[in-house]
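Shown next, in structure tokens, is the structure this report addresses.
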Amino acid sequence: MTILAKDMAEKPASGRAAYLERRRAATRDGIVRAARQVFAEASYVDAKIDHILGAAGVSRATFYSHFESKLELASAIYEETVPQTRALFERLPLLAGQDRSAVREWLADFVGIHLEHRYVTPLIAQLQLFETGFRARILADTEVLIDLVAGSGVDAFAKAGTDDRQRIRVRLLFNQIAHVCAEVARGEFGVQSGICLDLMAEGIVRFVKPAV
């Protein structure tokens with residue numbers, strides 16, 4: 001009897017199920033961690049499942065017991081960032097009427113998300129190019145964020161729930177915020193990053209400024 005089999009035999013049925021579930025979750029997490037590393041070092045197209053298997057130290061059968069494809073795995077990595085992004089945009093309407101420094105701090109938090117998940121931004125861009133349907137997923141998630149802020153009661157956002165032109169304005173604002181924060185996180189503005197975030201903050205303040 002193997003050590004694992006003996007260990008399992010000594011556990012009650014409910015304990016065995018919980019143990020197996022923990023092992024399965026740990027294996028899945030290991031695959032995701034390995035994929036993050038692989039996607040950080042190679043493009044989505046060039047990253048092969050074999051590379052991920054090697055980095056994770058698992059068999060092909062084990063991989064496919066958790067993920068149907070490389071796309072499903074990449075999507076799981078993207079989905080890890082969704083709760084943080086949603087929580088960040090839930091705070092956005094609260095900035096209405098506040099000064100630029102508060103908005104600047106919010107933008108810094110968004111840059112922080114990009115830095116924490118620095119491999120995700122290029123991965124998302126490549127998925128939209130090479131995987132049919134992923135662009136639709138991103139657009140759908142953006143609409144969810146717009147609906148989220150539209151329910152806040154802040155005039156500039158609330159109108160996005162009923163006015164198509166205002167909804168497009170909000171979407172364009174969100175696109176600009178995401179691009180700017182990603183570029184700052186990548187260091188593309190260098191020493192001028194502060195100026196870039198200040199200008200973006202000014203734009204958001206003007207956008208959400210309460211009507212007088």
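Here's how to read the names in the structure tokens: chain A, B, ... by the order shown, residue numbers from 1 in each chain, ligand numbers from 1 in the order shown.
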
Can you list every residue of range 47-102 of chain A that has an atom at most 8 Å from range 108-122 of chain A, with its nearest atom pair and the distance in Å to one decimal, using only C-alpha atoms, ordered by chain then number, as a tab-separated table?
```
residue	atom	partner	partner_atom	distance
A:Ile77	CA	A:Val120	CA	7.5
A:Tyr78	CA	A:Val120	CA	6.5
A:Thr81	CA	A:His117	CA	7.5
A:Gln84	CA	A:Ile113	CA	7.5
A:Thr85	CA	A:Phe110	CA	7.8
A:Leu88	CA	A:Phe110	CA	7.3
```

May I have a table of the residues of range 60-176 of chain A lying at most 12 Å from range 40-55 of chain A, giving each one's closest pair of atoms and their distance in Å to one decimal, counting only C-alpha atoms, ordered by chain and ascending residue number, as JSON lines?
```
{"residue": "A:Arg60", "atom": "CA", "partner": "A:Leu53", "partner_atom": "CA", "distance": 6.8}
{"residue": "A:Ala61", "atom": "CA", "partner": "A:Leu53", "partner_atom": "CA", "distance": 10.0}
{"residue": "A:Thr62", "atom": "CA", "partner": "A:Leu53", "partner_atom": "CA", "distance": 9.1}
{"residue": "A:Phe63", "atom": "CA", "partner": "A:Leu53", "partner_atom": "CA", "distance": 7.3}
{"residue": "A:Tyr64", "atom": "CA", "partner": "A:Ile49", "partner_atom": "CA", "distance": 10.2}
{"residue": "A:Phe67", "atom": "CA", "partner": "A:Ile49", "partner_atom": "CA", "distance": 10.8}
{"residue": "A:Glu68", "atom": "CA", "partner": "A:Ile49", "partner_atom": "CA", "distance": 11.2}
{"residue": "A:Ser69", "atom": "CA", "partner": "A:Ile49", "partner_atom": "CA", "distance": 8.5}
{"residue": "A:Lys70", "atom": "CA", "partner": "A:Ile49", "partner_atom": "CA", "distance": 6.6}
{"residue": "A:Leu71", "atom": "CA", "partner": "A:Tyr44", "partner_atom": "CA", "distance": 9.2}
{"residue": "A:Glu72", "atom": "CA", "partner": "A:Ile49", "partner_atom": "CA", "distance": 11.7}
{"residue": "A:Leu73", "atom": "CA", "partner": "A:Ile49", "partner_atom": "CA", "distance": 9.9}
{"residue": "A:Ala74", "atom": "CA", "partner": "A:Tyr44", "partner_atom": "CA", "distance": 8.5}
{"residue": "A:Ser75", "atom": "CA", "partner": "A:Tyr44", "partner_atom": "CA", "distance": 11.6}
{"residue": "A:Ile77", "atom": "CA", "partner": "A:Ala40", "partner_atom": "CA", "distance": 11.8}
{"residue": "A:His117", "atom": "CA", "partner": "A:Ala40", "partner_atom": "CA", "distance": 9.9}
{"residue": "A:Arg118", "atom": "CA", "partner": "A:Ala40", "partner_atom": "CA", "distance": 8.2}
{"residue": "A:Tyr119", "atom": "CA", "partner": "A:Ala40", "partner_atom": "CA", "distance": 5.1}
{"residue": "A:Val120", "atom": "CA", "partner": "A:Ala40", "partner_atom": "CA", "distance": 8.3}
{"residue": "A:Thr121", "atom": "CA", "partner": "A:Ala40", "partner_atom": "CA", "distance": 10.3}
{"residue": "A:Pro122", "atom": "CA", "partner": "A:Ser43", "partner_atom": "CA", "distance": 8.3}
{"residue": "A:Leu123", "atom": "CA", "partner": "A:Tyr44", "partner_atom": "CA", "distance": 6.5}
{"residue": "A:Ile124", "atom": "CA", "partner": "A:Tyr44", "partner_atom": "CA", "distance": 9.3}
{"residue": "A:Ala125", "atom": "CA", "partner": "A:Tyr44", "partner_atom": "CA", "distance": 9.7}
{"residue": "A:Gln126", "atom": "CA", "partner": "A:Tyr44", "partner_atom": "CA", "distance": 6.5}
{"residue": "A:Leu127", "atom": "CA", "partner": "A:Tyr44", "partner_atom": "CA", "distance": 7.3}
{"residue": "A:Gln128", "atom": "CA", "partner": "A:Tyr44", "partner_atom": "CA", "distance": 10.7}
{"residue": "A:Leu129", "atom": "CA", "partner": "A:Tyr44", "partner_atom": "CA", "distance": 10.2}
{"residue": "A:Phe130", "atom": "CA", "partner": "A:Val45", "partner_atom": "CA", "distance": 7.9}
{"residue": "A:Glu131", "atom": "CA", "partner": "A:Val45", "partner_atom": "CA", "distance": 10.0}
```

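Considering the residues A:Pro93, A:Ala25, A:Asp147, A:Ile195 and counting only C-alpha atoms, Val180 in chain A has its shortest atom-to-atom contact with A:Ile195.
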
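Contact shell of Gly153 in chain A at 12 Å (only C-alpha atoms; same-chain neighbours under 6 positions omitted): Leu92, Pro93, Leu94, Ala96, Asp147, Lys159, Ala160, Gly161, Val208 and Pro210 of chain A.
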
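Proximity of A:Thr142, A:Gln192, A:Ser59, A:Thr27 to Ile168 in chain A, computed with only C-alpha atoms, is greatest for A:Thr142.
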
**Asked** Contacts of Ser101 in chain A at 9 Å or less, counting only C-alpha atoms, minus same-chain residues fewer than 3 places along, as a list in words?
**Response** Gln98, Arg104, Glu105, Trp106, Asp198 and Ala201 of chain A

**Request:** Within chain A, find each residue whose DSSP state, derived from the backbone, is alpha helix (DSSP H), and express the selection as an MDAnalysis selection string.
**Result:** chainID A and resid 3:9 13:41 49:56 60:66 70:91 100:116 120:130 134:150 155:158 164:185 193:208

**Message:** What's around Arg167 in chain A at 12 Å? Count only C-alpha atoms, leave out sequence neighbours fewer than 3 positions away in its own chain, and write the answer as a PyMOL selection string.
**Reply:** chain A and resi 142-150+155-164+170-174

Just N, CA and C atoms for this one: save the residues we selected as a PDB file, in the first residue's frame.
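Result file is part.pdb:
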```
ATOM      1  N   THR A 142     -17.018  45.113 -19.191  1.00  0.00           N
ATOM      2  CA  THR A 142     -17.050  46.570 -19.128  1.00  0.00           C
ATOM      3  C   THR A 142     -18.476  47.062 -18.921  1.00  0.00           C
ATOM      4  N   GLU A 143     -19.427  46.439 -19.601  1.00  0.00           N
ATOM      5  CA  GLU A 143     -20.830  46.817 -19.424  1.00  0.00           C
ATOM      6  C   GLU A 143     -21.286  46.569 -17.984  1.00  0.00           C
ATOM      7  N   VAL A 144     -20.782  45.504 -17.380  1.00  0.00           N
ATOM      8  CA  VAL A 144     -21.108  45.223 -15.979  1.00  0.00           C
ATOM      9  C   VAL A 144     -20.609  46.348 -15.079  1.00  0.00           C
ATOM     10  N   LEU A 145     -19.395  46.837 -15.341  1.00  0.00           N
ATOM     11  CA  LEU A 145     -18.849  47.933 -14.546  1.00  0.00           C
ATOM     12  C   LEU A 145     -19.656  49.215 -14.742  1.00  0.00           C
ATOM     13  N   ILE A 146     -20.084  49.444 -15.984  1.00  0.00           N
ATOM     14  CA  ILE A 146     -20.899  50.637 -16.246  1.00  0.00           C
ATOM     15  C   ILE A 146     -22.216  50.543 -15.487  1.00  0.00           C
ATOM     16  N   ASP A 147     -22.858  49.379 -15.518  1.00  0.00           N
ATOM     17  CA  ASP A 147     -24.097  49.188 -14.763  1.00  0.00           C
ATOM     18  C   ASP A 147     -23.857  49.374 -13.269  1.00  0.00           C
ATOM     19  N   LEU A 148     -22.692  48.949 -12.808  1.00  0.00           N
ATOM     20  CA  LEU A 148     -22.354  49.076 -11.396  1.00  0.00           C
ATOM     21  C   LEU A 148     -22.334  50.540 -10.962  1.00  0.00           C
ATOM     22  N   VAL A 149     -21.645  51.386 -11.722  1.00  0.00           N
ATOM     23  CA  VAL A 149     -21.565  52.797 -11.347  1.00  0.00           C
ATOM     24  C   VAL A 149     -22.865  53.530 -11.675  1.00  0.00           C
ATOM     25  N   ALA A 150     -23.609  53.026 -12.681  1.00  0.00           N
ATOM     26  CA  ALA A 150     -24.876  53.678 -13.042  1.00  0.00           C
ATOM     27  C   ALA A 150     -25.891  53.589 -11.909  1.00  0.00           C
ATOM     28  N   ASP A 155     -24.891  61.591 -10.701  1.00  0.00           N
ATOM     29  CA  ASP A 155     -25.554  61.997 -11.936  1.00  0.00           C
ATOM     30  C   ASP A 155     -24.798  61.577 -13.194  1.00  0.00           C
ATOM     31  N   ALA A 156     -23.497  61.847 -13.239  1.00  0.00           N
ATOM     32  CA  ALA A 156     -22.716  61.569 -14.451  1.00  0.00           C
ATOM     33  C   ALA A 156     -22.736  60.087 -14.800  1.00  0.00           C
ATOM     34  N   PHE A 157     -22.828  59.239 -13.788  1.00  0.00           N
ATOM     35  CA  PHE A 157     -22.869  57.805 -14.024  1.00  0.00           C
ATOM     36  C   PHE A 157     -24.297  57.288 -14.147  1.00  0.00           C
ATOM     37  N   ALA A 158     -25.202  57.839 -13.350  1.00  0.00           N
ATOM     38  CA  ALA A 158     -26.584  57.353 -13.357  1.00  0.00           C
ATOM     39  C   ALA A 158     -27.222  57.499 -14.737  1.00  0.00           C
ATOM     40  N   LYS A 159     -26.886  58.568 -15.436  1.00  0.00           N
ATOM     41  CA  LYS A 159     -27.452  58.787 -16.768  1.00  0.00           C
ATOM     42  C   LYS A 159     -27.037  57.685 -17.751  1.00  0.00           C
ATOM     43  N   ALA A 160     -25.934  57.025 -17.448  1.00  0.00           N
ATOM     44  CA  ALA A 160     -25.468  55.948 -18.329  1.00  0.00           C
ATOM     45  C   ALA A 160     -26.429  54.772 -18.333  1.00  0.00           C
ATOM     46  N   GLY A 161     -27.331  54.732 -17.353  1.00  0.00           N
ATOM     47  CA  GLY A 161     -28.298  53.651 -17.304  1.00  0.00           C
ATOM     48  C   GLY A 161     -29.457  53.834 -18.263  1.00  0.00           C
ATOM     49  N   THR A 162     -29.668  55.075 -18.722  1.00  0.00           N
ATOM     50  CA  THR A 162     -30.819  55.360 -19.586  1.00  0.00           C
ATOM     51  C   THR A 162     -30.459  56.108 -20.863  1.00  0.00           C
ATOM     52  N   ASP A 163     -29.304  56.730 -20.895  1.00  0.00           N
ATOM     53  CA  ASP A 163     -28.898  57.577 -22.023  1.00  0.00           C
ATOM     54  C   ASP A 163     -27.738  56.897 -22.757  1.00  0.00           C
ATOM     55  N   ASP A 164     -27.951  56.508 -23.993  1.00  0.00           N
ATOM     56  CA  ASP A 164     -26.923  55.789 -24.748  1.00  0.00           C
ATOM     57  C   ASP A 164     -25.665  56.620 -24.942  1.00  0.00           C
ATOM     58  N   VAL A 170     -19.141  57.129 -20.631  1.00  0.00           N
ATOM     59  CA  VAL A 170     -18.585  56.401 -19.488  1.00  0.00           C
ATOM     60  C   VAL A 170     -17.658  55.290 -19.968  1.00  0.00           C
ATOM     61  N   ARG A 171     -18.079  54.581 -20.996  1.00  0.00           N
ATOM     62  CA  ARG A 171     -17.236  53.504 -21.530  1.00  0.00           C
ATOM     63  C   ARG A 171     -15.913  54.047 -22.039  1.00  0.00           C
ATOM     64  N   LEU A 172     -15.935  55.160 -22.751  1.00  0.00           N
ATOM     65  CA  LEU A 172     -14.697  55.767 -23.234  1.00  0.00           C
ATOM     66  C   LEU A 172     -13.815  56.211 -22.080  1.00  0.00           C
ATOM     67  N   LEU A 173     -14.434  56.738 -21.025  1.00  0.00           N
ATOM     68  CA  LEU A 173     -13.665  57.130 -19.849  1.00  0.00           C
ATOM     69  C   LEU A 173     -12.995  55.915 -19.227  1.00  0.00           C
ATOM     70  N   PHE A 174     -13.737  54.826 -19.074  1.00  0.00           N
ATOM     71  CA  PHE A 174     -13.174  53.613 -18.483  1.00  0.00           C
ATOM     72  C   PHE A 174     -12.033  53.070 -19.337  1.00  0.00           C
TER      73      PHE A 174
END
```

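We find CA of Ala136 in chain A and CA of Gln176 in chain A to be spaced 18.4 Å apart.
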
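If you measure from each of A:Ser193, A:Glu79, A:Gln37, A:Val32 to Val58 in chain A using only C-alpha atoms, the closest one turns out to be A:Val32.
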
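Among the candidates A:His179, A:His66, A:Arg91, A:Arg135, the one nearest to Ile31 in chain A when counting only C-alpha atoms is A:His66.
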
**Asked** Could you state the separation of CA of Ala76 in chain A and CA of Phe134 in chain A in Å, given to one decimal place?
**Response** 12.2 Å
